[in-house]
Amino acid sequence: MRPLIVLMTLRQAHGDTVKGEKLKSDNPADLVQLIADYMENGFLENIIDMFRHDSSLYQLTGSLIQDERVRVRIGITALMEELKKLDPENISGAVPVLLPLLDHAEPFVRGDSANLIGIIGDRNTLSYLEKLLADKNENVRLIAKEALEAIHQQ
């Protein structure tokens, strides 16, 4: 599904106006902002449907997990937990955009990215997560340990 169609579908589902709006369908930043705003407002089910119908949206996960709003980051975690069950064949599409974030300057980004990778459960990420066991931030180390345990248990 093309981003413009996804954008229109999401907005129409909630009575937002689309007619007459200038939508930048080729600008991923617009779609990231829209998804983050809807996530903050609790429209998780709609976002789950979007990801299930367009697996290219997994590429936005890295941008979404960096949002400063806690509700958005919690929502992305809930999204990945649901998609792990509902869309297991595509969820690993988020891994390539999450791995570089394990080196991010902000501890919350490193930790949240490690958590998402643990949820996804890709065994190819074990060595990346193991490096975080020596992170300077205690919370990041703990989350990395839990992510590793989660992957080993899958």
# chains A, B, ... in the order shown; residues from 1 in each chain; ligands from 1

$ residues_around --residues "segment 87-94 of chain A" --least-positions-apart "2" --cutoff "8 Å" --atoms "only C-alpha atoms" --output "PyMOL selection string"
chain A and resi 52+55-56+58-62+80+83-85+96-98+120+122

$ closest_atom_pairs --of "segment 15-93 of chain A" --to "segment 100-113 of chain A" --cutoff "9 Å" --atoms "only C-alpha atoms" --output "JSON lines"
{"residue": "A:Gly62", "atom": "CA", "partner": "A:Leu101", "partner_atom": "CA", "distance": 7.3}
{"residue": "A:Ile65", "atom": "CA", "partner": "A:Val109", "partner_atom": "CA", "distance": 6.8}
{"residue": "A:Gln66", "atom": "CA", "partner": "A:Val109", "partner_atom": "CA", "distance": 5.8}
{"residue": "A:Asp67", "atom": "CA", "partner": "A:Val109", "partner_atom": "CA", "distance": 8.8}
{"residue": "A:Arg73", "atom": "CA", "partner": "A:Asp112", "partner_atom": "CA", "distance": 7.7}
{"residue": "A:Thr77", "atom": "CA", "partner": "A:Asp112", "partner_atom": "CA", "distance": 8.2}

$ write_last_selection --atoms "C-alpha atoms" --output "PDB file, in the first residue's frame"
ATOM      1  CA  GLY A  62      13.878   3.297  13.763  1.00  0.00           C
ATOM      2  CA  ILE A  65      11.438   4.608  18.481  1.00  0.00           C
ATOM      3  CA  GLN A  66      13.473   7.823  18.659  1.00  0.00           C
ATOM      4  CA  ASP A  67      10.396   9.955  19.333  1.00  0.00           C
ATOM      5  CA  ARG A  73       7.750   4.665  22.313  1.00  0.00           C
ATOM      6  CA  THR A  77       6.762  -1.544  21.718  1.00  0.00           C
TER       7      THR A  77
END

$ residues_around --residues "Met39 of chain A" --least-positions-apart "2" --cutoff "12 Å" --atoms "only C-alpha atoms" --output "count of residues only"
30

$ closest_residue --among "A:Ile117, A:Leu86, A:Leu148, A:Ile143" --to "Glu130 of chain A" --atoms "only C-alpha atoms"
A:Leu148

$ residues_around --residues "Ile119 of chain A" --least-positions-apart "3" --cutoff "7 Å" --atoms "only C-alpha atoms" --output "list in words"
Met80, Glu81, Asn115 and Leu116 of chain A

$ write_last_selection --atoms "C-alpha atoms" --output "tab-separated table (two decimals), in the first residue's frame"
chain	number	residue	atom	x	y	z
A	80	MET	CA	6.00	-4.86	17.75
A	81	GLU	CA	4.61	-7.25	20.37
A	115	ASN	CA	14.10	-4.08	23.61
A	116	LEU	CA	12.47	-4.09	20.16

$ atom_distance --atom1 "atom CA of Ile151 of chain A" --atom2 "atom CA of Glu82 of chain A"
16.4 Å

$ atom_distance --atom1 "atom CA of Glu149 of chain A" --atom2 "atom CA of Gly121 of chain A"
9.8 Å

$ closest_residue --among "A:Ala150, A:Asn137, A:Ser63, A:Met50" --to "Pro28 of chain A" --atoms "only C-alpha atoms"
A:Ser63

$ residues_around --residues "Tyr128 of chain A" --least-positions-apart "3" --cutoff "8 Å" --atoms "only C-alpha atoms" --output "VMD selection string"
chain A and resid 99 102 125 131 to 132

$ select_by_dssp --residues "chain A" --states "helix (DSSP H, G or I)" --output "PDB file with C-alpha atoms, in the first residue's frame"
ATOM      1  CA  PRO A   3       2.075   5.902   1.838  1.00  0.00           C
ATOM      2  CA  LEU A   4      -0.532   8.315   0.446  1.00  0.00           C
ATOM      3  CA  ILE A   5      -3.182   5.604   0.547  1.00  0.00           C
ATOM      4  CA  VAL A   6      -2.141   4.627   4.070  1.00  0.00           C
ATOM      5  CA  LEU A   7      -2.243   8.268   5.137  1.00  0.00           C
ATOM      6  CA  MET A   8      -5.686   8.782   3.638  1.00  0.00           C
ATOM      7  CA  THR A   9      -7.018   5.538   5.073  1.00  0.00           C
ATOM      8  CA  LEU A  10      -5.796   6.396   8.566  1.00  0.00           C
ATOM      9  CA  ARG A  11      -7.181   9.896   8.445  1.00  0.00           C
ATOM     10  CA  GLN A  12     -10.518   8.843   6.997  1.00  0.00           C
ATOM     11  CA  ALA A  13     -10.864   6.187   9.680  1.00  0.00           C
ATOM     12  CA  PRO A  28       8.674   9.442   5.037  1.00  0.00           C
ATOM     13  CA  ALA A  29       9.033  12.131   7.723  1.00  0.00           C
ATOM     14  CA  ASP A  30       5.386  13.107   7.206  1.00  0.00           C
ATOM     15  CA  LEU A  31       4.274   9.524   7.593  1.00  0.00           C
ATOM     16  CA  VAL A  32       6.463   9.021  10.678  1.00  0.00           C
ATOM     17  CA  GLN A  33       4.948  12.137  12.249  1.00  0.00           C
ATOM     18  CA  LEU A  34       1.413  11.014  11.441  1.00  0.00           C
ATOM     19  CA  ILE A  35       1.963   7.502  12.804  1.00  0.00           C
ATOM     20  CA  ALA A  36       3.615   8.894  15.943  1.00  0.00           C
ATOM     21  CA  ASP A  37       0.740  11.320  16.512  1.00  0.00           C
ATOM     22  CA  TYR A  38      -1.834   8.572  16.071  1.00  0.00           C
ATOM     23  CA  MET A  39       0.191   6.272  18.319  1.00  0.00           C
ATOM     24  CA  GLU A  40       0.238   8.944  21.020  1.00  0.00           C
ATOM     25  CA  LEU A  44      -2.741   1.180  17.872  1.00  0.00           C
ATOM     26  CA  GLU A  45      -5.176  -1.113  16.041  1.00  0.00           C
ATOM     27  CA  ASN A  46      -5.152   1.127  12.975  1.00  0.00           C
ATOM     28  CA  ILE A  47      -1.375   1.227  12.946  1.00  0.00           C
ATOM     29  CA  ILE A  48      -1.184  -2.559  13.283  1.00  0.00           C
ATOM     30  CA  ASP A  49      -3.394  -2.857  10.191  1.00  0.00           C
ATOM     31  CA  MET A  50      -1.196  -0.398   8.309  1.00  0.00           C
ATOM     32  CA  PHE A  51       1.957  -2.405   9.011  1.00  0.00           C
ATOM     33  CA  ARG A  52       0.255  -5.682   8.144  1.00  0.00           C
ATOM     34  CA  HIS A  53      -0.848  -4.291   4.775  1.00  0.00           C
ATOM     35  CA  SER A  55       5.569  -4.291   5.171  1.00  0.00           C
ATOM     36  CA  SER A  56       7.712  -1.374   3.961  1.00  0.00           C
ATOM     37  CA  LEU A  57       6.463   0.538   7.011  1.00  0.00           C
ATOM     38  CA  TYR A  58       8.793  -1.538   9.195  1.00  0.00           C
ATOM     39  CA  GLN A  59      11.545   0.725   7.873  1.00  0.00           C
ATOM     40  CA  LEU A  60       9.979   3.577   9.879  1.00  0.00           C
ATOM     41  CA  THR A  61      10.439   1.768  13.199  1.00  0.00           C
ATOM     42  CA  GLY A  62      13.878   3.297  13.763  1.00  0.00           C
ATOM     43  CA  SER A  63      12.499   6.811  13.423  1.00  0.00           C
ATOM     44  CA  LEU A  64       9.463   6.075  15.567  1.00  0.00           C
ATOM     45  CA  VAL A  70       7.033   8.209  25.985  1.00  0.00           C
ATOM     46  CA  ARG A  71       3.540   7.202  24.821  1.00  0.00           C
ATOM     47  CA  VAL A  72       4.823   6.861  21.267  1.00  0.00           C
ATOM     48  CA  ARG A  73       7.750   4.665  22.313  1.00  0.00           C
ATOM     49  CA  ILE A  74       5.485   2.521  24.489  1.00  0.00           C
ATOM     50  CA  GLY A  75       3.094   2.296  21.559  1.00  0.00           C
ATOM     51  CA  ILE A  76       5.847   1.139  19.202  1.00  0.00           C
ATOM     52  CA  THR A  77       6.762  -1.544  21.718  1.00  0.00           C
ATOM     53  CA  ALA A  78       3.120  -2.683  21.868  1.00  0.00           C
ATOM     54  CA  LEU A  79       2.991  -2.559  18.066  1.00  0.00           C
ATOM     55  CA  MET A  80       5.999  -4.858  17.747  1.00  0.00           C
ATOM     56  CA  GLU A  81       4.607  -7.249  20.369  1.00  0.00           C
ATOM     57  CA  GLU A  82       1.370  -7.558  18.405  1.00  0.00           C
ATOM     58  CA  LEU A  83       3.074  -7.803  15.023  1.00  0.00           C
ATOM     59  CA  LYS A  84       5.340 -10.549  16.364  1.00  0.00           C
ATOM     60  CA  LYS A  85       2.151 -12.625  16.643  1.00  0.00           C
ATOM     61  CA  LEU A  86       0.222 -11.274  13.657  1.00  0.00           C
ATOM     62  CA  ILE A  91       8.630  -8.143  11.442  1.00  0.00           C
ATOM     63  CA  SER A  92      12.342  -8.704  10.868  1.00  0.00           C
ATOM     64  CA  GLY A  93      12.117  -5.852   8.350  1.00  0.00           C
ATOM     65  CA  ALA A  94      12.613  -3.532  11.329  1.00  0.00           C
ATOM     66  CA  VAL A  95      15.992  -5.008  12.295  1.00  0.00           C
ATOM     67  CA  PRO A  96      18.165  -3.136   9.735  1.00  0.00           C
ATOM     68  CA  VAL A  97      16.901   0.244  10.978  1.00  0.00           C
ATOM     69  CA  LEU A  98      17.187  -0.709  14.655  1.00  0.00           C
ATOM     70  CA  LEU A  99      20.734  -2.088  14.680  1.00  0.00           C
ATOM     71  CA  PRO A 100      22.459   1.287  14.064  1.00  0.00           C
ATOM     72  CA  LEU A 101      20.452   2.753  16.956  1.00  0.00           C
ATOM     73  CA  LEU A 102      22.245   0.467  19.394  1.00  0.00           C
ATOM     74  CA  ASP A 103      25.125   2.980  19.086  1.00  0.00           C
ATOM     75  CA  PRO A 107      20.562   5.791  26.302  1.00  0.00           C
ATOM     76  CA  PHE A 108      16.768   5.623  25.904  1.00  0.00           C
ATOM     77  CA  VAL A 109      17.182   5.063  22.160  1.00  0.00           C
ATOM     78  CA  ARG A 110      19.800   2.340  22.687  1.00  0.00           C
ATOM     79  CA  GLY A 111      17.664   0.634  25.322  1.00  0.00           C
ATOM     80  CA  ASP A 112      14.380   0.884  23.448  1.00  0.00           C
ATOM     81  CA  SER A 113      16.016  -0.390  20.261  1.00  0.00           C
ATOM     82  CA  ALA A 114      17.517  -3.341  22.133  1.00  0.00           C
ATOM     83  CA  ASN A 115      14.097  -4.082  23.609  1.00  0.00           C
ATOM     84  CA  LEU A 116      12.467  -4.095  20.159  1.00  0.00           C
ATOM     85  CA  ILE A 117      15.179  -6.357  18.784  1.00  0.00           C
ATOM     86  CA  GLY A 118      14.518  -8.730  21.685  1.00  0.00           C
ATOM     87  CA  ILE A 119      10.814  -8.748  20.853  1.00  0.00           C
ATOM     88  CA  ILE A 120      11.537  -9.435  17.187  1.00  0.00           C
ATOM     89  CA  ARG A 123      19.138 -14.630  16.399  1.00  0.00           C
ATOM     90  CA  ASN A 124      21.405 -12.810  13.934  1.00  0.00           C
ATOM     91  CA  THR A 125      21.372  -9.826  16.299  1.00  0.00           C
ATOM     92  CA  LEU A 126      22.866 -11.604  19.309  1.00  0.00           C
ATOM     93  CA  SER A 127      26.398 -10.257  18.825  1.00  0.00           C
ATOM     94  CA  TYR A 128      25.064  -6.684  18.555  1.00  0.00           C
ATOM     95  CA  LEU A 129      23.110  -7.036  21.785  1.00  0.00           C
ATOM     96  CA  GLU A 130      26.047  -8.665  23.567  1.00  0.00           C
ATOM     97  CA  LYS A 131      28.095  -5.505  22.958  1.00  0.00           C
ATOM     98  CA  LEU A 132      25.492  -3.561  24.954  1.00  0.00           C
ATOM     99  CA  LEU A 133      26.224  -5.662  28.028  1.00  0.00           C
ATOM    100  CA  ALA A 134      29.214  -3.330  28.481  1.00  0.00           C
ATOM    101  CA  GLU A 138      23.055   0.544  33.634  1.00  0.00           C
ATOM    102  CA  ASN A 139      19.511   0.512  32.209  1.00  0.00           C
ATOM    103  CA  VAL A 140      20.799  -0.199  28.706  1.00  0.00           C
ATOM    104  CA  ARG A 141      22.860  -3.108  30.055  1.00  0.00           C
ATOM    105  CA  LEU A 142      19.799  -4.523  31.817  1.00  0.00           C
ATOM    106  CA  ILE A 143      17.564  -4.180  28.743  1.00  0.00           C
ATOM    107  CA  ALA A 144      20.238  -5.809  26.544  1.00  0.00           C
ATOM    108  CA  LYS A 145      20.473  -8.725  28.983  1.00  0.00           C
ATOM    109  CA  GLU A 146      16.686  -9.148  28.935  1.00  0.00           C
ATOM    110  CA  ALA A 147      16.597  -8.923  25.129  1.00  0.00           C
ATOM    111  CA  LEU A 148      19.257 -11.623  24.872  1.00  0.00           C
ATOM    112  CA  GLU A 149      17.316 -13.844  27.261  1.00  0.00           C
ATOM    113  CA  ALA A 150      14.132 -13.294  25.267  1.00  0.00           C
ATOM    114  CA  ILE A 151      15.826 -14.317  22.031  1.00  0.00           C
ATOM    115  CA  HIS A 152      17.375 -17.415  23.615  1.00  0.00           C
ATOM    116  CA  GLN A 153      13.960 -18.460  24.951  1.00  0.00           C
TER     117      GLN A 153
END
